[in-house]
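Chemist: You'll find final-v5.txt just under this line, and it carries compact mmCIF, C-alpha atoms.
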# COMPACT_ATOMS: atom_id res chain seq x y z
CA ILE A 1 0.00 0.00 0.00
CA ARG A 2 2.85 2.32 0.88
CA ASN A 3 4.50 1.66 -2.52
CA ASN A 4 1.26 2.23 -4.34
CA HIS A 5 0.74 5.45 -2.45
CA THR A 6 4.23 6.62 -3.34
CA LEU A 7 3.67 5.70 -6.99
CA LEU A 8 0.36 7.53 -6.97
CA ILE A 9 2.02 10.65 -5.59
CA GLN A 10 4.69 10.46 -8.33
CA LEU A 11 2.04 10.03 -11.02
CA THR A 12 0.06 12.96 -9.65
CA SER A 13 3.21 15.12 -9.65
CA GLY A 14 4.02 14.05 -13.21
CA ILE A 15 0.49 14.84 -14.35
CA SER A 16 0.75 18.28 -12.74
CA GLU A 17 4.00 18.91 -14.58
CA VAL A 18 2.43 17.78 -17.84
CA LYS A 19 -0.52 20.09 -17.23
CA VAL A 20 1.86 22.98 -16.54
CA ALA A 21 3.78 22.19 -19.77
CA ILE A 22 0.55 21.92 -21.73
CA GLN A 23 -0.62 25.24 -20.29
CA GLY A 24 2.70 26.79 -21.29
CA LEU A 25 2.25 25.45 -24.81
CA GLN A 26 -1.29 26.77 -24.86
CA ASP A 27 -0.11 30.19 -23.73
CA SER A 28 2.61 30.16 -26.40
CA GLN A 29 0.07 29.12 -29.02
CA ASP A 30 -2.27 31.91 -27.94
CA LYS A 31 0.57 34.44 -28.18
CA LEU A 32 1.60 33.07 -31.59
CA GLY A 33 -2.01 33.28 -32.77
CA ALA A 34 -2.24 36.88 -31.56
CA CYS A 35 1.03 37.73 -33.36
CA ILE A 36 -0.19 36.08 -36.56
CA MET A 37 -3.49 37.96 -36.35
CA GLU A 38 -1.63 41.24 -35.79
CA ALA A 39 0.68 40.48 -38.73
CA GLU A 40 -2.32 39.66 -40.95
CA ASN A 41 -3.97 42.95 -39.94
CA ARG A 42 -0.81 44.87 -40.74
CA ILE A 43 -0.41 43.07 -44.09
CA SER A 44 -4.04 43.82 -44.91
CA LYS A 45 -3.53 47.50 -44.10
CA ILE A 46 -0.36 47.60 -46.22
CA GLU A 47 -2.18 45.95 -49.13
CA ASP A 48 -5.03 48.45 -48.80
CA ARG A 49 -2.56 51.34 -48.76
CA GLU A 50 -0.70 49.87 -51.75
CA LEU A 51 -3.95 49.51 -53.68
CA GLY A 52 -4.85 53.10 -52.83
CA THR A 53 -1.36 54.28 -53.85
CA GLU A 54 -1.60 52.37 -57.13
CA GLN A 55 -4.98 53.91 -57.88
CA ASN A 56 -3.65 57.38 -57.02
CA CYS A 57 -0.61 56.84 -59.26
CA LYS A 58 -2.87 55.72 -62.11
CA TYR A 59 -5.09 58.76 -61.57
CA LEU A 60 -2.10 61.12 -61.48
CA LYS A 61 -0.56 59.48 -64.56
CA GLN A 62 -3.77 59.94 -66.54
CA HIS A 63 -4.07 63.57 -65.51
CA LEU A 64 -0.37 64.20 -66.18
CA THR A 65 -0.73 62.72 -69.68
CA THR A 66 -3.78 64.90 -70.31
CA ALA A 67 -1.94 67.97 -68.99
CA LEU A 68 1.10 67.29 -71.20
CA GLU A 69 -1.12 66.83 -74.24
CA ARG A 70 -2.84 70.14 -73.51
CA ILE A 71 0.51 71.88 -73.02
CA GLU A 72 1.77 70.50 -76.34
CA ASP A 73 -1.45 71.54 -78.06
CA LEU A 74 -1.18 75.06 -76.61
CA GLU A 75 2.46 75.28 -77.65
CA ASN A 76 1.68 74.30 -81.24
CA ARG A 77 -1.34 76.58 -81.41
CA SER A 78 0.86 79.45 -80.26
CA ARG A 79 3.04 78.68 -83.33
CA ARG A 80 0.19 78.66 -85.84
CA ASN A 81 1.42 81.87 -87.49
CA ASN A 82 5.04 80.70 -87.57
CA LEU A 83 7.19 79.44 -90.43
CA ARG A 84 10.56 77.72 -90.25
CA ILE A 85 12.67 78.83 -93.23
CA MET A 86 15.86 76.89 -93.92
CA GLY A 87 18.73 77.43 -96.33
CA PHE A 88 19.72 81.07 -96.01
CA PRO A 89 23.44 81.44 -95.15
CA GLU A 90 24.43 82.88 -91.81
CA GLY A 91 24.70 86.66 -91.67
CA VAL A 92 22.83 87.49 -94.90
CA GLU A 93 20.16 89.28 -92.86
CA ASP A 94 22.78 91.78 -91.64
CA GLY A 95 21.18 92.02 -88.20
CA ASN A 96 17.67 92.73 -89.53
CA PRO A 97 15.94 89.45 -90.45
CA VAL A 98 12.47 91.05 -90.76
CA LYS A 99 13.60 93.52 -93.42
CA PHE A 100 15.65 90.88 -95.24
CA LEU A 101 12.77 88.40 -95.49
CA GLN A 102 10.24 91.06 -96.47
CA GLU A 103 12.49 91.93 -99.40
CA VAL A 104 13.51 88.40 -100.46
CA LEU A 105 10.42 86.21 -99.99
CA PRO A 106 8.06 88.03 -102.42
CA GLU A 107 10.53 87.52 -105.27
CA LEU A 108 11.33 83.92 -104.37
CA LEU A 109 7.65 82.91 -104.13
CA ASP A 110 6.31 85.12 -106.93
CA LEU A 111 3.92 87.02 -104.69
CA GLU A 112 1.42 89.33 -106.32
CA GLU A 113 2.39 92.95 -106.74
CA GLY A 114 1.52 94.93 -103.63
CA GLN A 115 1.27 91.87 -101.34
CA ILE A 116 2.61 92.97 -97.96
CA LEU A 117 4.28 90.49 -95.64
CA GLU A 118 3.32 91.58 -92.15
CA ILE A 119 6.06 89.95 -90.10
CA GLU A 120 5.67 90.38 -86.37
CA ARG A 121 9.16 89.09 -85.60
CA ALA A 122 11.89 86.88 -87.03
CA HIS A 123 15.08 85.37 -85.64
CA ARG A 124 17.49 82.51 -86.13
CA THR A 125 16.92 79.36 -84.09
CA LEU A 126 18.39 79.60 -80.60
CA ALA A 127 21.41 77.41 -81.22
CA PRO A 128 25.14 78.23 -81.18
CA ARG A 129 26.28 79.98 -84.35
CA PRO A 130 27.54 77.23 -86.70
CA THR A 131 30.94 77.13 -88.34
CA PRO A 132 31.16 77.81 -92.10
CA GLU A 133 31.24 74.05 -92.78
CA GLN A 134 28.03 73.41 -90.82
CA ARG A 135 24.44 73.89 -91.92
CA PRO A 136 23.15 77.42 -91.24
CA ARG A 137 20.48 77.93 -88.62
CA ALA A 138 16.87 78.25 -89.73
CA PHE A 139 14.80 81.41 -89.50
CA ILE A 140 11.75 81.29 -87.22
CA VAL A 141 9.28 83.82 -88.61
CA LYS A 142 6.01 84.86 -86.98
CA PHE A 143 3.50 86.50 -89.31
CA LEU A 144 0.86 88.85 -88.05
CA ARG A 145 -1.87 86.99 -89.97
CA TYR A 146 -2.36 83.25 -90.34
CA PRO A 147 -3.59 83.42 -94.01
CA ILE A 148 -0.23 84.91 -95.07
CA ARG A 149 1.60 81.98 -93.52
CA GLU A 150 -0.70 79.54 -95.35
CA LEU A 151 -0.24 81.45 -98.60
CA LEU A 152 3.53 81.19 -98.41
CA LEU A 153 3.39 77.47 -97.64
CA ARG A 154 1.06 76.85 -100.57
CA LEU A 155 3.25 78.83 -102.98
CA ALA A 156 6.33 76.95 -101.74
CA ARG A 157 4.61 73.58 -102.30
CA ASN A 158 3.63 74.58 -105.83
CA LYS A 159 7.27 75.29 -106.71
CA SER A 160 9.43 72.29 -107.47
CA GLN A 161 12.47 74.07 -106.03
CA ILE A 162 13.23 77.42 -104.42
CA LYS A 163 16.74 78.81 -104.83
CA TRP A 164 18.41 81.99 -103.62
CA LYS A 165 21.95 82.60 -104.90
CA ASP A 166 22.57 78.85 -105.41
CA HIS A 167 21.19 78.06 -101.94
CA ARG A 168 18.15 75.81 -101.73
CA ILE A 169 15.44 77.35 -99.55
CA SER A 170 12.76 75.33 -97.77
CA LEU A 171 9.66 76.43 -95.85
CA PHE A 172 8.03 74.33 -93.13
CA PRO A 173 5.41 74.82 -90.42
CA ASP A 174 7.01 75.52 -87.05
CA TRP A 175 5.79 72.53 -85.05
CA SER A 176 7.14 71.42 -81.69
CA ARG A 177 9.75 68.65 -81.67
CA ASP A 178 7.32 66.00 -80.40
CA LEU A 179 4.71 66.87 -83.02
CA GLN A 180 7.33 66.81 -85.78
CA LEU A 181 8.25 63.26 -84.78
CA LYS A 182 4.59 62.19 -84.76
CA ARG A 183 4.04 63.59 -88.25
CA GLN A 184 7.29 62.12 -89.59
CA ARG A 185 6.00 58.63 -88.78
CA PHE A 186 3.66 58.97 -91.77
CA TRP A 187 6.46 59.67 -94.25
CA GLU A 188 6.62 56.16 -95.71
CA VAL A 189 2.85 55.68 -96.14
CA ARG A 190 2.56 59.15 -97.70
CA ARG A 191 5.14 58.06 -100.27
CA LEU A 192 3.05 54.97 -101.03
CA LEU A 193 -0.07 57.07 -101.42
CA ARG A 194 1.70 59.48 -103.79
CA GLU A 195 2.96 56.58 -105.92
CA LYS A 196 -0.62 55.35 -106.41
CA ASN A 197 -2.05 58.86 -106.85
CA ILE A 198 -4.36 58.37 -103.87
CA LYS A 199 -5.64 61.63 -102.42
CA TYR A 200 -4.58 62.26 -98.84
CA GLY A 201 -3.92 65.04 -96.37
CA LEU A 202 -2.00 65.26 -93.10
CA PHE A 203 -4.05 67.33 -90.68
CA TYR A 204 -3.31 68.82 -87.27
CA PRO A 205 -2.01 67.44 -85.04
CA ALA A 206 -1.01 64.17 -86.78
CA ILE A 207 -4.09 62.73 -88.50
CA LEU A 208 -3.79 61.28 -91.99
CA LYS A 209 -7.00 61.42 -94.02
CA VAL A 210 -7.16 59.20 -97.10
CA THR A 211 -9.82 59.44 -99.81
CA TYR A 212 -10.21 56.20 -101.77
CA ASN A 213 -13.15 55.15 -103.97
CA GLY A 214 -15.15 58.13 -102.78
CA GLU A 215 -14.69 57.30 -99.09
CA THR A 216 -12.56 59.34 -96.66
CA LEU A 217 -10.91 57.55 -93.76
CA SER A 218 -8.85 58.99 -90.89
CA PHE A 219 -5.75 57.33 -89.41
CA MET A 220 -3.60 58.18 -86.41
CA ASP A 221 -1.27 55.18 -86.80
CA PRO A 222 0.80 54.59 -89.96
CA GLY A 223 0.52 50.84 -89.38
CA GLU A 224 -3.25 51.07 -89.86
CA VAL A 225 -2.69 52.90 -93.17
CA LYS A 226 -0.44 50.07 -94.37
CA LYS A 227 -3.11 47.51 -93.48
CA PHE A 228 -5.69 49.56 -95.37
CA LEU A 229 -3.47 49.75 -98.46
CA ALA A 230 -2.67 46.04 -98.31
CA GLN A 231 -6.40 45.24 -98.23
CA SER A 232 -7.48 47.85 -100.81
CA LEU A 233 -4.76 47.75 -103.47
CA PRO A 234 -4.03 44.77 -105.72
CA ARG A 235 -1.22 42.76 -104.17
CA GLU A 236 1.17 43.37 -107.09
CA ASP A 237 0.67 47.15 -106.92
CA TYR A 238 1.14 47.24 -103.16
CA LEU A 239 4.36 45.17 -103.29
CA ARG A 240 5.69 47.29 -106.16
CA CYS A 241 5.08 50.49 -104.17
CA GLN A 242 6.96 49.12 -101.18
CA THR A 243 10.04 48.40 -103.30
CA LEU A 244 10.17 51.88 -104.88
Would it be possible to restate this file's structure as structure tokens?

Modeler:
Amino acid sequence: IRNNHTLLIQLTSGISEVKVAIQGLQDSQDKLGACIMEAENRISKIEDRELGTEQNCKYLKQHLTTALERIEDLENRSRRNNLRIMGFPEGVEDGNPVKFLQEVLPELLDLEEGQILEIERAHRTLAPRPTPEQRPRAFIVKFLRYPIRELLLRLARNKSQIKWKDHRISLFPDWSRDLQLKRQRFWEVRRLLREKNIKYGLFYPAILKVTYNGETLSFMDPGEVKKFLAQSLPREDYLRCQTL
């Protein structure tokens, strides 16, 4: 009986120790569960903030793109009366580009007698003065009236070549750099259209309108124009145009 009593006491003590250990494990598990729950809450908050930040960035990106497009549009509209004239050697204006151009352009473009060129201002492009071996800087000319600018462009297009004292002179609209690049993307398809005598026009800002079989279509991507030509022209004609 004494041995059994001793054994019972030992078993009871062991069970108490096991209970204490189990309670310790339970406490640890409860703490671990609380930590996991806190971590999950923090992760959830971070994900919510990240989602909100992503949405804000998308919103700001859209508005920034719109703002940049408006700024570019305003810049080009402010240049509507401008011409970029290339080819005149450096220094021929003798410090007075307005007077020089008013005297030279009417003769070069065969303007009607009495046609007055109302030039608001004119200057060379704001680049370092080139050396004699380099290409001269262009003139940027702002006319007082938009129709005069359009008249000069039309007269220049109608002439196969404009020369002043063995210098070839060219007239271009004064677009911004970005808009020039957008319009230059249509160079190849415009060549194809000219080869097939298909009527077209490149309109502001960079929209190509093509009239074919009595229908006028508008394109903003030169790749779409190529697809249209591939579908509309006979295959032999289209391939021949591409190799010209």

Chemist: Would you list the contacts of segment 74-87 of chain A as a list in words, taking every protein, DNA or RNA residue within 7 Å and counting only C-alpha atoms, but skipping same-chain residues closer than 3 positions in sequence?

Modeler: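 In the requested format, the answer is Arg70, Ile71, Pro136, Ala138, Phe139, Ile140, Val141, Lys142, Phe143, Arg145, Tyr146, Arg149, His167, Arg168, Ile169, Ser170, Leu171, Phe172, Pro173, Asp174, Trp175 and Ser176 of chain A.
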
Chemist: Looking at all atoms listed in the file, which of A:Asp48, A:Asp30, A:Glu133, A:Asp178 is the one that sits closest to Pro89 of chain A?

Modeler: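 When distances to Pro89 of chain A are compared using all atoms listed in the file, the smallest one comes from A:Glu133.
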
Chemist: Interatomic distance between atom CA of Arg137 of chain A and atom CA of Phe88 of chain A?

Modeler: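 That distance, rounded to one decimal, is 8.1 Å.
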
Chemist: Report, in Å with one decimal, the straight-line distance from atom CA of Asp221 of chain A to atom CA of Lys196 of chain A.

Modeler: 19.6 Å

Chemist: For segment 180-189 of chain A, please output as a ChimeraX atom specification all residues within 12 Å (counting only C-alpha atoms; exclusion window: fewer than 2 positions along the same chain).

Modeler: /A:72,76,172-178,191-196,198,200-210,219-230,238,241-244

Chemist: Residues as selected, C-alpha atoms, written as a short mmCIF file (atom, residue, chain, number, x, y, z; two decimals), in the frame of the given file, can you do that?

Modeler:
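Output (again_15.cif):
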data_model
loop_
_atom_site.label_atom_id
_atom_site.label_comp_id
_atom_site.auth_asym_id
_atom_site.auth_seq_id
_atom_site.Cartn_x
_atom_site.Cartn_y
_atom_site.Cartn_z
CA GLU A 72 1.77 70.50 -76.34
CA ASN A 76 1.68 74.30 -81.24
CA PHE A 172 8.03 74.33 -93.13
CA PRO A 173 5.41 74.82 -90.42
CA ASP A 174 7.01 75.52 -87.05
CA TRP A 175 5.79 72.53 -85.05
CA SER A 176 7.14 71.42 -81.69
CA ARG A 177 9.75 68.65 -81.67
CA ASP A 178 7.32 66.00 -80.40
CA ARG A 191 5.14 58.06 -100.27
CA LEU A 192 3.05 54.97 -101.03
CA LEU A 193 -0.07 57.07 -101.42
CA ARG A 194 1.70 59.48 -103.79
CA GLU A 195 2.96 56.58 -105.92
CA LYS A 196 -0.62 55.35 -106.41
CA ILE A 198 -4.36 58.37 -103.87
CA TYR A 200 -4.58 62.26 -98.84
CA GLY A 201 -3.92 65.04 -96.37
CA LEU A 202 -2.00 65.26 -93.10
CA PHE A 203 -4.05 67.33 -90.68
CA TYR A 204 -3.31 68.82 -87.27
CA PRO A 205 -2.01 67.44 -85.04
CA ALA A 206 -1.01 64.17 -86.78
CA ILE A 207 -4.09 62.73 -88.50
CA LEU A 208 -3.79 61.28 -91.99
CA LYS A 209 -7.00 61.42 -94.02
CA VAL A 210 -7.16 59.20 -97.10
CA PHE A 219 -5.75 57.33 -89.41
CA MET A 220 -3.60 58.18 -86.41
CA ASP A 221 -1.27 55.18 -86.80
CA PRO A 222 0.80 54.59 -89.96
CA GLY A 223 0.52 50.84 -89.38
CA GLU A 224 -3.25 51.07 -89.86
CA VAL A 225 -2.69 52.90 -93.17
CA LYS A 226 -0.44 50.07 -94.37
CA LYS A 227 -3.11 47.51 -93.48
CA PHE A 228 -5.69 49.56 -95.37
CA LEU A 229 -3.47 49.75 -98.46
CA ALA A 230 -2.67 46.04 -98.31
CA TYR A 238 1.14 47.24 -103.16
CA CYS A 241 5.08 50.49 -104.17
CA GLN A 242 6.96 49.12 -101.18
CA THR A 243 10.04 48.40 -103.30
CA LEU A 244 10.17 51.88 -104.88
#

Chemist: Which distance in Å separates atom CA of Arg121 of chain A and atom CA of Glu93 of chain A, to one decimal?

Modeler: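 Separation between atom CA of Arg121 of chain A and atom CA of Glu93 of chain A: 13.2 Å.
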
Chemist: List the residues sitting within 12 Å of (5.9, 85.3, -107.2) in the file's frame, using all atoms listed in the file, as a list in words.

Modeler: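 Returned residue set, sorted by chain then number, is Val104, Leu105, Pro106, Glu107, Leu108, Leu109, Asp110, Leu111, Glu112, Glu113, Gly114, Gln115, Leu151, Leu152, Arg154, Leu155, Ala156, Asn158, Lys159 and Ile162 of chain A.
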
Chemist: Looking at A:Ser232, A:Asn96, A:Gln102, A:Thr6, which one is nearest to Leu117 of chain A, with distances taken over all atoms listed in the file?

Modeler: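 For Leu117 of chain A, the nearest of the given residues is A:Gln102.
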
Chemist: Can you tell me, as JSON, the centre and edge lengths (Å, one decimal) of the axis-aligned box enclosing all of segment 95-113 of chain A's listed atoms after padding each side by 4 Å?

Modeler:
{"center_x": 11.3, "center_y": 88.2, "center_z": -97.6, "size_x": 27.8, "size_y": 18.6, "size_z": 26.7}
